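*Asks:* Okay, handing you the structure first.
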Amino acid sequence: MDTISLWQLAVLAAASTLVGFSKTAVSGANTISLAVFAAVLPARESTGVLLPILIAGDLLAVRVYRRHAHWPTLLRLFPAVAVGVAAGTLFMLWADDAAVRVSIGAILLFMTGVTLWRRRIAEQEAGEGEQGMKTGAGSGADSGGEGGGGTGRTAARGYGVLGGFTTMVANAGGPVMSLYLLSAGFRKLGFLGTSAWFFLIVNVSKVPFSVGLGLIDAHSLLLDACLLLFVLPGAYLGRVCVDRINQKVFDRIVIGATVAGGLQLLLI
């Protein structure tokens with residue numbers, strides 16, 4: 001890894017702060033961080049640097065939202081995620097930086113389109129008013145339940161494989177899983193609690209693969225040591241802001257951040 005300049009270090013520090021914020025407030029915003037890391041560092045190497053920072057954010061998020069996870073959803077997702085991680089590892093054996101950026105950006109935009117289409121169909125079927133607002137919510141209130149908005153086992157497998165693949169290739173599983181949880185009807189606390197446990201488990205399991213691929217080494221860990229401290233203020237800011245974010249605004253921010261991150265990956 002080449003020596004980075006002071007301004008590049010400052011940009012990475014800001015992106016690390018956004019990691020903390022995304023873990024405790026708006027999960028989809030994390031795509032901006034991964035796009036920044038991929039722009040400042042070589043795309044492949046950036047995944048190894050970012051992974052320990054994400055794990056630090058996951059630990060903070062689990063500490064705050066650990067009681068709000070919906071474990072049936074997690075257990076349903078993990079087998080498919082394992083398949084996606086294995087596929088992503090094989091992809092990383094031959095993919096160059098350009099292939100990583102283009103493939104992940106395209107997947108994020110595609111999944112956003114699919115999710116918006118699914119939600120529009122669900123709203124049309126449910127009608128307008130109160131009944132339409134409850135579509136897909138089911139028991140998915142802040143306690144973390146999963147609704148019945150058409151996201152059954154088939155959807156879980158599809159999102160799970162894509163989530164595993166994208167998280168292994170570019171730490172970009174956050175937007176995919178955010179879209180899945182939104183389409184399943186999760187509200188803020190259930191969304192954040194389930195996401196926190198999911199990514200802590202998945203990201204820790206990725207460490208051996210990343211080491212084996214040469215993505216994590218002494219140089220990347222040295223840079224991580226400089227950046228980890230910036231995760232904490234971001235996590236605190238996210239915790240303060242999350243209670244003030246309206247549910248509809250929350251959903252829109254997640255989707256908007258996903259689109260922005262996908263476009264950035266395609267354009268940088």
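Residues are referred to by chain and number: the chain letter is A, B, ... according to the order shown in the structure tokens, the number counts from 1 in that chain, and ligands are numbered separately from 1 in the order shown.
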May I have the residues within 12 Å of A:Val85 as a list in words, using only C-alpha atoms and disregarding those fewer than 6 positions away in the same chain?
*Replies:*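 Counting only C-alpha atoms, the residues come to Phe78, Pro79, Phe91, Met92, Gly160, Val161, Leu162, Gly163, Gly164, Phe165, Thr166, Thr167, Met168, Val169, Ala170, Asn171, Ala172, Gly173, Val202, Asn203, Ser205, Lys206, Val207, Pro208, Phe209 and Ser210 of chain A.
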*Asks:* Just list the residues in stretch 78-262 of chain A DSSP gives helix (DSSP H, G or I) on the backbone, as an MDAnalysis selection string.
*Replies:* chainID A and resid 78:92 97:126 130:134 153:170 173:183 188:212 218:242 247:262
*Asks:* Just want the 12 Å neighbourhood of stretch 230-238 of chain A, counted on only C-alpha atoms, with same-chain residues fewer than 3 positions away dropped. Output as an MDAnalysis selection string.
*Replies:* chainID A and resid 9:27 29:30 33 50 52:65 192 224:227 241:245
*Asks:* Counting only C-alpha atoms, what is within 8 Å of A:Val254, bar same-chain residues fewer than 3 positions away, as an MDAnalysis selection string?
*Replies:* chainID A and resid 26:29 175 178 250:251 257:258
*Asks:* Would you output that residue set with C-alpha atoms, as a PDB file, in the first residue's frame?
*Replies:*
ATOM      1  CA  VAL A  26     -28.760   5.127   8.913  1.00  0.00           C
ATOM      2  CA  SER A  27     -27.286   1.856   7.683  1.00  0.00           C
ATOM      3  CA  GLY A  28     -27.488   2.722   3.977  1.00  0.00           C
ATOM      4  CA  ALA A  29     -25.193   5.703   4.509  1.00  0.00           C
ATOM      5  CA  PRO A 175     -27.395  -1.561   1.368  1.00  0.00           C
ATOM      6  CA  SER A 178     -31.079  -2.595   4.405  1.00  0.00           C
ATOM      7  CA  PHE A 250     -35.536   7.089   7.649  1.00  0.00           C
ATOM      8  CA  ASP A 251     -36.658   4.857   4.772  1.00  0.00           C
ATOM      9  CA  ALA A 257     -27.870   6.716   0.345  1.00  0.00           C
ATOM     10  CA  THR A 258     -27.950   3.364  -1.448  1.00  0.00           C
TER      11      THR A 258
END
*Asks:* Between atom CA of A:Val204 and atom CA of A:Ala80, what distance in Å does the model show, to one decimal?
*Replies:* 16.8 Å
*Asks:* I'd like the interatomic distance between atom CA of A:Phe198 and atom CA of A:Ala43, to a tenth of an Å.
*Replies:*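 Spanning atom CA of A:Phe198 to atom CA of A:Ala43 is a straight-line distance of 23.9 Å.
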*Asks:* Which is closest to A:Ser183 among A:Ala95, A:Val240, A:Leu6, A:Ile255, if we use only C-alpha atoms?
*Replies:* A:Ile255
*Asks:* Between A:Val259, A:Leu77, A:Leu34, A:Leu189, which residue has the minimum interatomic distance to A:Ala155, considering only C-alpha atoms?
*Replies:*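 Ranking A:Val259, A:Leu77, A:Leu34, A:Leu189 by distance to A:Ala155, first place goes to A:Leu77.
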*Asks:* What's the separation between atom CA of A:Phe191 and atom CA of A:Ala69, in Å to one decimal place?
*Replies:*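 For atom CA of A:Phe191 relative to atom CA of A:Ala69, the distance reads 7.7 Å.
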*Asks:* Show which residues sit within 12 Å of A:Leu93, as an MDAnalysis selection string. Count only C-alpha atoms, and ignore same-chain residues fewer than 2 positions away.
*Replies:* chainID A and resid 44 86:91 95:97 99:100 168:169 209:210 212:215
*Asks:* So, counting only C-alpha atoms, which residue among A:Leu116, A:Val36, A:Leu265, A:Val211 is closest to A:Ile104?
*Replies:* A:Leu265
